[in-house]
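What follows is the content of upload_13.cif, which has mmCIF, C-alpha atoms, pLDDT in the B column; chains and numbers go by the auth columns:
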```cif
data_work
#
loop_
_atom_site.group_PDB
_atom_site.id
_atom_site.type_symbol
_atom_site.label_atom_id
_atom_site.label_comp_id
_atom_site.label_asym_id
_atom_site.label_seq_id
_atom_site.Cartn_x
_atom_site.Cartn_y
_atom_site.Cartn_z
_atom_site.B_iso_or_equiv
_atom_site.auth_seq_id
_atom_site.auth_asym_id
ATOM 1 C CA MET A 1 12.375 -16.604 -26.592 46.00 29 A
ATOM 2 C CA SER A 2 11.279 -15.090 -23.288 62.00 30 A
ATOM 3 C CA ALA A 3 9.788 -11.655 -22.926 78.00 31 A
ATOM 4 C CA SER A 4 12.044 -8.906 -21.660 93.00 32 A
ATOM 5 C CA GLN A 5 11.429 -7.403 -18.236 92.00 33 A
ATOM 6 C CA SER A 6 10.128 -4.205 -19.818 93.00 34 A
ATOM 7 C CA GLU A 7 7.653 -6.198 -21.936 94.00 35 A
ATOM 8 C CA LEU A 8 6.454 -8.087 -18.850 95.00 36 A
ATOM 9 C CA ASP A 9 6.209 -4.823 -16.914 97.00 37 A
ATOM 10 C CA ALA A 10 4.116 -3.286 -19.697 97.00 38 A
ATOM 11 C CA ALA A 11 1.800 -6.325 -19.870 97.00 39 A
ATOM 12 C CA PHE A 12 1.165 -6.414 -16.113 98.00 40 A
ATOM 13 C CA LEU A 13 0.770 -2.639 -15.918 98.00 41 A
ATOM 14 C CA ARG A 14 -1.782 -2.839 -18.728 98.00 42 A
ATOM 15 C CA ARG A 15 -3.719 -5.326 -16.587 98.00 43 A
ATOM 16 C CA ALA A 16 -3.708 -2.842 -13.684 98.00 44 A
ATOM 17 C CA ILE A 17 -4.934 -0.133 -16.058 98.00 45 A
ATOM 18 C CA GLU A 18 -7.682 -2.475 -17.353 98.00 46 A
ATOM 19 C CA LEU A 19 -8.808 -2.997 -13.750 98.00 47 A
ATOM 20 C CA SER A 20 -8.899 0.770 -13.172 98.00 48 A
ATOM 21 C CA VAL A 21 -10.986 1.430 -16.299 98.00 49 A
ATOM 22 C CA ALA A 22 -13.380 -1.432 -15.494 98.00 50 A
ATOM 23 C CA ASN A 23 -13.759 -0.139 -11.941 97.00 51 A
ATOM 24 C CA VAL A 24 -14.791 3.294 -13.210 97.00 52 A
ATOM 25 C CA ALA A 25 -17.404 1.625 -15.447 97.00 53 A
ATOM 26 C CA ALA A 26 -18.673 -0.274 -12.375 96.00 54 A
ATOM 27 C CA GLY A 27 -19.010 2.946 -10.381 95.00 55 A
ATOM 28 C CA GLY A 28 -15.727 2.809 -8.447 95.00 56 A
ATOM 29 C CA GLY A 29 -12.574 4.884 -8.334 95.00 57 A
ATOM 30 C CA PRO A 30 -10.091 5.027 -11.230 97.00 58 A
ATOM 31 C CA PHE A 31 -7.356 2.844 -9.733 98.00 59 A
ATOM 32 C CA GLY A 32 -6.193 -0.733 -10.258 98.00 60 A
ATOM 33 C CA ALA A 33 -3.251 -2.800 -9.046 98.00 61 A
ATOM 34 C CA VAL A 34 -1.706 -6.182 -9.764 98.00 62 A
ATOM 35 C CA ILE A 35 0.923 -8.059 -7.749 98.00 63 A
ATOM 36 C CA VAL A 36 3.213 -10.464 -9.556 98.00 64 A
ATOM 37 C CA ARG A 37 5.817 -12.935 -8.379 97.00 65 A
ATOM 38 C CA ASP A 38 7.765 -15.248 -10.700 95.00 66 A
ATOM 39 C CA ALA A 39 5.857 -13.876 -13.720 95.00 67 A
ATOM 40 C CA ALA A 40 2.506 -14.961 -12.242 97.00 68 A
ATOM 41 C CA VAL A 41 -0.273 -12.756 -10.888 98.00 69 A
ATOM 42 C CA ILE A 42 -0.801 -13.483 -7.201 98.00 70 A
ATOM 43 C CA GLY A 43 -3.195 -10.651 -6.379 98.00 71 A
ATOM 44 C CA GLU A 44 -5.310 -7.986 -8.000 98.00 72 A
ATOM 45 C CA GLY A 45 -7.317 -5.097 -6.667 98.00 73 A
ATOM 46 C CA SER A 46 -9.443 -2.155 -7.651 98.00 74 A
ATOM 47 C CA ASN A 47 -10.397 0.875 -5.623 97.00 75 A
ATOM 48 C CA ARG A 48 -13.286 -0.128 -3.344 97.00 76 A
ATOM 49 C CA VAL A 49 -13.438 2.952 -1.110 96.00 77 A
ATOM 50 C CA THR A 50 -16.985 3.993 -1.961 95.00 78 A
ATOM 51 C CA SER A 51 -18.426 0.524 -2.617 94.00 79 A
ATOM 52 C CA SER A 52 -17.188 -0.829 0.728 96.00 80 A
ATOM 53 C CA ASN A 53 -17.307 2.413 2.730 96.00 81 A
ATOM 54 C CA ASP A 54 -13.679 1.750 3.643 97.00 82 A
ATOM 55 C CA PRO A 55 -11.196 4.605 3.178 96.00 83 A
ATOM 56 C CA THR A 56 -8.324 2.076 3.217 97.00 84 A
ATOM 57 C CA ALA A 57 -9.726 0.007 0.336 97.00 85 A
ATOM 58 C CA HIS A 58 -7.382 1.469 -2.274 98.00 86 A
ATOM 59 C CA ALA A 59 -6.441 -0.720 -5.230 98.00 87 A
ATOM 60 C CA GLU A 60 -2.917 -1.394 -3.958 98.00 88 A
ATOM 61 C CA VAL A 61 -4.137 -2.360 -0.488 98.00 89 A
ATOM 62 C CA GLU A 62 -6.817 -4.610 -1.984 98.00 90 A
ATOM 63 C CA ALA A 63 -4.178 -6.285 -4.189 98.00 91 A
ATOM 64 C CA ILE A 64 -1.833 -6.738 -1.206 98.00 92 A
ATOM 65 C CA ARG A 65 -4.650 -8.326 0.812 98.00 93 A
ATOM 66 C CA ALA A 66 -5.487 -10.693 -2.047 98.00 94 A
ATOM 67 C CA ALA A 67 -1.842 -11.625 -2.649 98.00 95 A
ATOM 68 C CA CYS A 68 -1.179 -12.261 1.036 98.00 96 A
ATOM 69 C CA ARG A 69 -4.270 -14.477 1.258 98.00 97 A
ATOM 70 C CA ALA A 70 -3.149 -16.396 -1.836 97.00 98 A
ATOM 71 C CA ALA A 71 0.402 -16.774 -0.517 96.00 99 A
ATOM 72 C CA SER A 72 -0.739 -17.475 3.073 97.00 100 A
ATOM 73 C CA LYS A 73 1.939 -15.004 4.185 96.00 101 A
ATOM 74 C CA PHE A 74 2.001 -11.407 5.380 96.00 102 A
ATOM 75 C CA THR A 75 5.064 -10.541 3.346 96.00 103 A
ATOM 76 C CA LEU A 76 5.454 -10.430 -0.420 98.00 104 A
ATOM 77 C CA ALA A 77 9.222 -10.436 -0.864 97.00 105 A
ATOM 78 C CA GLY A 78 10.182 -11.140 -4.445 97.00 106 A
ATOM 79 C CA ALA A 79 7.013 -9.532 -5.794 98.00 107 A
ATOM 80 C CA THR A 80 6.369 -6.503 -7.975 98.00 108 A
ATOM 81 C CA ILE A 81 3.286 -4.320 -7.690 98.00 109 A
ATOM 82 C CA TYR A 82 1.885 -2.742 -10.830 98.00 110 A
ATOM 83 C CA ALA A 83 -0.352 0.227 -10.093 98.00 111 A
ATOM 84 C CA SER A 84 -2.350 2.245 -12.579 98.00 112 A
ATOM 85 C CA CYS A 85 -1.223 5.364 -10.709 98.00 113 A
ATOM 86 C CA GLU A 86 1.638 6.334 -8.414 97.00 114 A
ATOM 87 C CA PRO A 87 0.767 4.973 -4.958 97.00 115 A
ATOM 88 C CA CYS A 88 -0.526 7.392 -2.331 97.00 116 A
ATOM 89 C CA PRO A 89 1.275 7.640 1.037 96.00 117 A
ATOM 90 C CA MET A 90 -0.958 4.979 2.637 97.00 118 A
ATOM 91 C CA CYS A 91 -0.460 2.541 -0.219 98.00 119 A
ATOM 92 C CA LEU A 92 3.248 3.242 -0.373 97.00 120 A
ATOM 93 C CA SER A 93 3.477 2.434 3.336 97.00 121 A
ATOM 94 C CA ALA A 94 1.529 -0.798 2.828 98.00 122 A
ATOM 95 C CA ILE A 95 3.881 -1.736 -0.014 98.00 123 A
ATOM 96 C CA TYR A 96 6.865 -1.231 2.282 98.00 124 A
ATOM 97 C CA TRP A 97 5.224 -3.211 5.106 97.00 125 A
ATOM 98 C CA ALA A 98 4.490 -6.046 2.663 98.00 126 A
ATOM 99 C CA ARG A 99 8.183 -6.056 1.653 98.00 127 A
ATOM 100 C CA ILE A 100 7.344 -5.848 -2.048 98.00 128 A
ATOM 101 C CA ASP A 101 10.531 -5.550 -4.107 98.00 129 A
ATOM 102 C CA ARG A 102 9.458 -3.231 -6.935 98.00 130 A
ATOM 103 C CA ILE A 103 6.793 -0.716 -7.902 98.00 131 A
ATOM 104 C CA VAL A 104 5.808 -0.030 -11.502 98.00 132 A
ATOM 105 C CA PHE A 105 3.136 2.630 -12.022 98.00 133 A
ATOM 106 C CA GLY A 106 1.359 4.426 -14.845 98.00 134 A
ATOM 107 C CA GLY A 107 -0.130 7.802 -13.956 97.00 135 A
ATOM 108 C CA THR A 108 1.592 10.184 -11.562 96.00 136 A
ATOM 109 C CA ARG A 109 0.305 11.738 -8.372 93.00 137 A
ATOM 110 C CA ALA A 110 0.060 15.001 -10.325 94.00 138 A
ATOM 111 C CA ASP A 111 -2.264 13.236 -12.792 96.00 139 A
ATOM 112 C CA ALA A 112 -4.406 12.064 -9.855 95.00 140 A
ATOM 113 C CA ALA A 113 -4.421 15.565 -8.364 93.00 141 A
ATOM 114 C CA ALA A 114 -5.717 16.921 -11.670 94.00 142 A
ATOM 115 C CA ILE A 115 -8.921 14.908 -11.115 94.00 143 A
ATOM 116 C CA ASP A 116 -9.193 15.841 -7.405 92.00 144 A
ATOM 117 C CA PHE A 117 -7.297 12.880 -5.896 91.00 145 A
ATOM 118 C CA ASP A 118 -4.664 15.108 -4.328 86.00 146 A
ATOM 119 C CA ASP A 119 -2.246 13.328 -1.981 91.00 147 A
ATOM 120 C CA ASP A 120 0.171 16.239 -1.781 88.00 148 A
ATOM 121 C CA PHE A 121 -1.478 17.467 1.434 91.00 149 A
ATOM 122 C CA ILE A 122 -0.762 14.109 3.112 94.00 150 A
ATOM 123 C CA TYR A 123 2.824 14.044 1.845 91.00 151 A
ATOM 124 C CA ARG A 124 3.336 17.526 3.364 92.00 152 A
ATOM 125 C CA GLU A 125 1.644 16.544 6.630 95.00 153 A
ATOM 126 C CA LEU A 126 3.885 13.501 7.059 93.00 154 A
ATOM 127 C CA ALA A 127 6.956 15.713 6.912 94.00 155 A
ATOM 128 C CA LEU A 128 5.732 17.764 9.900 95.00 156 A
ATOM 129 C CA PRO A 129 6.205 16.914 13.581 92.00 157 A
ATOM 130 C CA ALA A 130 3.017 15.312 14.960 89.00 158 A
ATOM 131 C CA VAL A 131 2.129 18.408 17.009 88.00 159 A
ATOM 132 C CA GLU A 132 2.173 20.622 13.886 93.00 160 A
ATOM 133 C CA ARG A 133 -0.155 18.526 11.714 94.00 161 A
ATOM 134 C CA ALA A 134 -3.697 19.535 10.774 96.00 162 A
ATOM 135 C CA ILE A 135 -5.191 16.682 12.820 95.00 163 A
ATOM 136 C CA PRO A 136 -4.292 17.316 16.478 90.00 164 A
ATOM 137 C CA ALA A 137 -2.316 14.516 18.127 90.00 165 A
ATOM 138 C CA THR A 138 -1.854 14.128 21.878 89.00 166 A
ATOM 139 C CA GLN A 139 0.425 11.611 23.539 90.00 167 A
ATOM 140 C CA LEU A 140 -0.717 10.134 26.869 95.00 168 A
ATOM 141 C CA LEU A 141 0.024 7.092 29.038 97.00 169 A
ATOM 142 C CA ARG A 142 3.306 6.182 27.358 96.00 170 A
ATOM 143 C CA ASP A 143 4.530 4.027 30.242 96.00 171 A
ATOM 144 C CA GLU A 144 1.306 2.009 30.177 96.00 172 A
ATOM 145 C CA ALA A 145 1.259 1.792 26.396 96.00 173 A
ATOM 146 C CA ILE A 146 4.765 0.381 26.090 96.00 174 A
ATOM 147 C CA THR A 147 3.910 -2.495 28.453 97.00 175 A
ATOM 148 C CA ALA A 148 2.894 -4.442 25.355 95.00 176 A
ATOM 149 C CA PHE A 149 6.246 -3.576 23.742 95.00 177 A
ATOM 150 C CA ARG A 150 8.147 -4.991 26.714 95.00 178 A
ATOM 151 C CA LYS A 151 6.029 -8.143 26.646 95.00 179 A
ATOM 152 C CA TRP A 152 6.625 -8.448 22.889 93.00 180 A
ATOM 153 C CA ARG A 153 10.384 -8.127 23.311 94.00 181 A
ATOM 154 C CA GLU A 154 10.341 -10.842 26.009 94.00 182 A
ATOM 155 C CA LYS A 155 8.144 -13.225 23.999 94.00 183 A
ATOM 156 C CA ALA A 156 10.351 -16.076 22.773 93.00 184 A
ATOM 157 C CA ASP A 157 7.937 -17.288 20.066 94.00 185 A
ATOM 158 C CA ARG A 158 7.087 -13.914 18.510 91.00 186 A
ATOM 159 C CA VAL A 159 6.777 -13.688 14.746 90.00 187 A
ATOM 160 C CA ALA A 160 8.873 -10.753 13.601 85.00 188 A
ATOM 161 C CA TYR A 161 7.571 -8.496 10.887 84.00 189 A
#
```

For the file at hand, write its structure as structure tokens.
Amino acid sequence: MSASQSELDAAFLRRAIELSVANVAAGGGPFGAVIVRDAAVIGEGSNRVTSSNDPTAHAEVEAIRAACRAASKFTLAGATIYASCEPCPMCLSAIYWARIDRIVFGGTRADAAAIDFDDDFIYRELALPAVERAIPATQLLRDEAITAFRKWREKADRVAY
């Protein structure tokens, strides 16, 4: 008898939670993620922000990088990501770019905020026009910048993503 989807989800989410707890014990942040396709783990990650001095080294991004290396592809269609906590805006964007089919998470962003990992500011910023955000943004040289876009559109052998 095969395990139900909810049983599989719970087992893989528990693995992501194990990674998050182990990462705290190792001195890292309290986040873990696992990517699964066809009931097999194809990538795992833990938060490596402080150990690698890389603000993008969140658990979900690390798991996506590992899974893409393992699959030798930059897309993960057909996969599910299990995250110990609700993905932040950056991780959520990476999940969309990777074309992952499903997200299963444990803690909420409110739980993360309660321990000073507050993404609500970023969620609010993203809803604002660029000129109204806390980090000033200035657009210049648009005509020059879109030269690469024109060349991309004309390129017959481009790899769409």

**Message:** Taking (5.6, -10.9, -6.8) as a centre in this file's frame and 7 Å as the limit, can you find every polymer residue with an atom that close, using only C-alpha atoms, and give them as number ranges by chain?
**Reply:** A: 63-66, 70, 104-108

**Request:** Starting from the point (-6.4, -5.2, -5.8), work out which residues of protein, DNA or RNA have an atom no more than 8 Å away when counting only C-alpha atoms; state them as a ChimeraX atom specification.
**Result:** /A:60-62,71-75,86-94

**Request:** Pick out the residues sitting within 12 Å of A:Asp146, and hand them over as a ChimeraX atom specification; count only C-alpha atoms, and ignore anything fewer than 3 positions along from it in its own chain.
**Result:** /A:114-117,136-143,149-152

**Asked** Quick one: residues within 10 Å of A:Arg42, all atoms listed in the file counted, chain neighbours fewer than 3 positions away excluded, as a PyMOL selection string?
**Response** chain A and resi 36-39+45-48+60-62+110-112+133-134

**Fill in**
Judged by all atoms listed in the file, the minimum distance to A:Phe59 among A:Cys113, A:Ala188, A:Ala95, A:Ala85 is found for A:Cys113

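Minimum atom-to-atom distances from A:Ala126, A:Val77, A:Ala98, A:Ala31 to A:Tyr189 were compared using all atoms listed in the file, and the lowest value belongs to A:Ala126.
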
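Computed from the coordinates, the atom CA of A:Glu160 to atom CA of A:Ala122 distance equals 24.1 Å.
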
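Across the structure, atom CA of A:Phe145 and atom CA of A:Arg161 are spaced 19.8 Å apart.
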
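Across the structure, atom CA of A:Arg97 and atom CA of A:Ile123 are spaced 15.2 Å apart.
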
**Item:** Residue contacts of A:Thr103 (8 Å, only C-alpha atoms) excluding same-chain residues fewer than 4 positions away, as number ranges by chain
**Value:** A: 96, 125-128

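Minimum atom-to-atom distances from A:Glu172, A:Thr84, A:Val132, A:Ala155 to A:Gln33 were compared using all atoms listed in the file, and the lowest value belongs to A:Val132.
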
Can I get all heavy atoms for stretch 92-104 of chain A, as an mmCIF file, in the first residue's frame?
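The result, written out as selection02.cif:
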```
data_model
loop_
_atom_site.group_PDB
_atom_site.id
_atom_site.type_symbol
_atom_site.label_atom_id
_atom_site.label_comp_id
_atom_site.auth_asym_id
_atom_site.auth_seq_id
_atom_site.Cartn_x
_atom_site.Cartn_y
_atom_site.Cartn_z
ATOM 1 N N ILE A 92 17.046 24.908 -4.242
ATOM 2 C CA ILE A 92 16.826 25.063 -5.689
ATOM 3 C C ILE A 92 18.147 24.898 -6.428
ATOM 4 O O ILE A 92 18.218 24.199 -7.449
ATOM 5 C CB ILE A 92 16.164 26.419 -6.006
ATOM 6 C CG1 ILE A 92 14.702 26.412 -5.536
ATOM 7 C CG2 ILE A 92 16.253 26.744 -7.496
ATOM 8 C CD1 ILE A 92 14.035 27.780 -5.535
ATOM 9 N N ARG A 93 19.197 25.533 -5.942
ATOM 10 C CA ARG A 93 20.516 25.398 -6.584
ATOM 11 C C ARG A 93 20.959 23.946 -6.620
ATOM 12 O O ARG A 93 21.438 23.451 -7.656
ATOM 13 C CB ARG A 93 21.536 26.270 -5.850
ATOM 14 C CG ARG A 93 21.313 27.756 -6.042
ATOM 15 C CD ARG A 93 22.217 28.580 -5.149
ATOM 16 N NE ARG A 93 22.002 30.013 -5.377
ATOM 17 C CZ ARG A 93 22.342 30.959 -4.524
ATOM 18 N NH1 ARG A 93 22.942 30.642 -3.373
ATOM 19 N NH2 ARG A 93 22.110 32.222 -4.796
ATOM 20 N N ALA A 94 20.812 23.251 -5.497
ATOM 21 C CA ALA A 94 21.213 21.838 -5.435
ATOM 22 C C ALA A 94 20.380 20.978 -6.380
ATOM 23 O O ALA A 94 20.914 20.116 -7.086
ATOM 24 C CB ALA A 94 21.101 21.327 -3.997
ATOM 25 N N ALA A 95 19.072 21.213 -6.404
ATOM 26 C CA ALA A 95 18.189 20.412 -7.261
ATOM 27 C C ALA A 95 18.471 20.672 -8.739
ATOM 28 O O ALA A 95 18.474 19.731 -9.543
ATOM 29 C CB ALA A 95 16.729 20.714 -6.935
ATOM 30 N N CYS A 96 18.716 21.912 -9.093
ATOM 31 C CA CYS A 96 19.022 22.224 -10.492
ATOM 32 C C CYS A 96 20.351 21.603 -10.917
ATOM 33 O O CYS A 96 20.471 21.092 -12.038
ATOM 34 C CB CYS A 96 19.023 23.731 -10.714
ATOM 35 S SG CYS A 96 17.370 24.470 -10.713
ATOM 36 N N ARG A 97 21.339 21.627 -10.022
ATOM 37 C CA ARG A 97 22.612 20.956 -10.333
ATOM 38 C C ARG A 97 22.377 19.461 -10.538
ATOM 39 O O ARG A 97 22.878 18.871 -11.495
ATOM 40 C CB ARG A 97 23.628 21.178 -9.210
ATOM 41 C CG ARG A 97 24.361 22.488 -9.280
ATOM 42 C CD ARG A 97 25.555 22.544 -8.322
ATOM 43 N NE ARG A 97 25.198 22.295 -6.935
ATOM 44 C CZ ARG A 97 24.791 23.228 -6.077
ATOM 45 N NH1 ARG A 97 24.680 24.488 -6.464
ATOM 46 N NH2 ARG A 97 24.506 22.903 -4.831
ATOM 47 N N ALA A 98 21.611 18.857 -9.639
ATOM 48 C CA ALA A 98 21.359 17.410 -9.725
ATOM 49 C C ALA A 98 20.593 17.047 -10.994
ATOM 50 O O ALA A 98 20.854 16.012 -11.603
ATOM 51 C CB ALA A 98 20.596 16.936 -8.492
ATOM 52 N N ALA A 99 19.653 17.913 -11.375
ATOM 53 C CA ALA A 99 18.824 17.644 -12.555
ATOM 54 C C ALA A 99 19.481 18.120 -13.846
ATOM 55 O O ALA A 99 18.998 17.813 -14.935
ATOM 56 C CB ALA A 99 17.464 18.322 -12.389
ATOM 57 N N SER A 100 20.559 18.892 -13.727
ATOM 58 C CA SER A 100 21.225 19.510 -14.887
ATOM 59 C C SER A 100 20.235 20.318 -15.715
ATOM 60 O O SER A 100 20.260 20.294 -16.944
ATOM 61 C CB SER A 100 21.906 18.451 -15.763
ATOM 62 O OG SER A 100 22.929 17.806 -15.047
ATOM 63 N N LYS A 101 19.342 21.030 -15.003
ATOM 64 C CA LYS A 101 18.327 21.864 -15.646
ATOM 65 C C LYS A 101 18.112 23.099 -14.784
ATOM 66 O O LYS A 101 18.362 23.058 -13.579
ATOM 67 C CB LYS A 101 16.998 21.119 -15.771
ATOM 68 C CG LYS A 101 17.037 19.897 -16.669
ATOM 69 C CD LYS A 101 15.788 19.068 -16.536
ATOM 70 C CE LYS A 101 14.626 19.760 -17.201
ATOM 71 N NZ LYS A 101 13.429 18.929 -17.276
ATOM 72 N N PHE A 102 17.611 24.169 -15.394
ATOM 73 C CA PHE A 102 17.318 25.368 -14.607
ATOM 74 C C PHE A 102 15.843 25.487 -14.260
ATOM 75 O O PHE A 102 15.424 26.474 -13.671
ATOM 76 C CB PHE A 102 17.808 26.646 -15.317
ATOM 77 C CG PHE A 102 17.245 26.851 -16.690
ATOM 78 C CD1 PHE A 102 16.011 27.447 -16.865
ATOM 79 C CD2 PHE A 102 17.954 26.439 -17.799
ATOM 80 C CE1 PHE A 102 15.477 27.627 -18.130
ATOM 81 C CE2 PHE A 102 17.442 26.631 -19.073
ATOM 82 C CZ PHE A 102 16.210 27.224 -19.237
ATOM 83 N N THR A 103 15.080 24.473 -14.600
ATOM 84 C CA THR A 103 13.677 24.449 -14.201
ATOM 85 C C THR A 103 13.395 23.153 -13.446
ATOM 86 O O THR A 103 14.042 22.132 -13.669
ATOM 87 C CB THR A 103 12.721 24.540 -15.414
ATOM 88 O OG1 THR A 103 12.922 23.410 -16.252
ATOM 89 C CG2 THR A 103 12.939 25.824 -16.187
ATOM 90 N N LEU A 104 12.425 23.236 -12.549
ATOM 91 C CA LEU A 104 12.095 22.088 -11.698
ATOM 92 C C LEU A 104 10.611 21.752 -11.786
ATOM 93 O O LEU A 104 9.962 21.437 -10.786
ATOM 94 C CB LEU A 104 12.505 22.390 -10.251
ATOM 95 C CG LEU A 104 14.005 22.623 -10.044
ATOM 96 C CD1 LEU A 104 14.285 23.159 -8.649
ATOM 97 C CD2 LEU A 104 14.798 21.350 -10.317
#
```
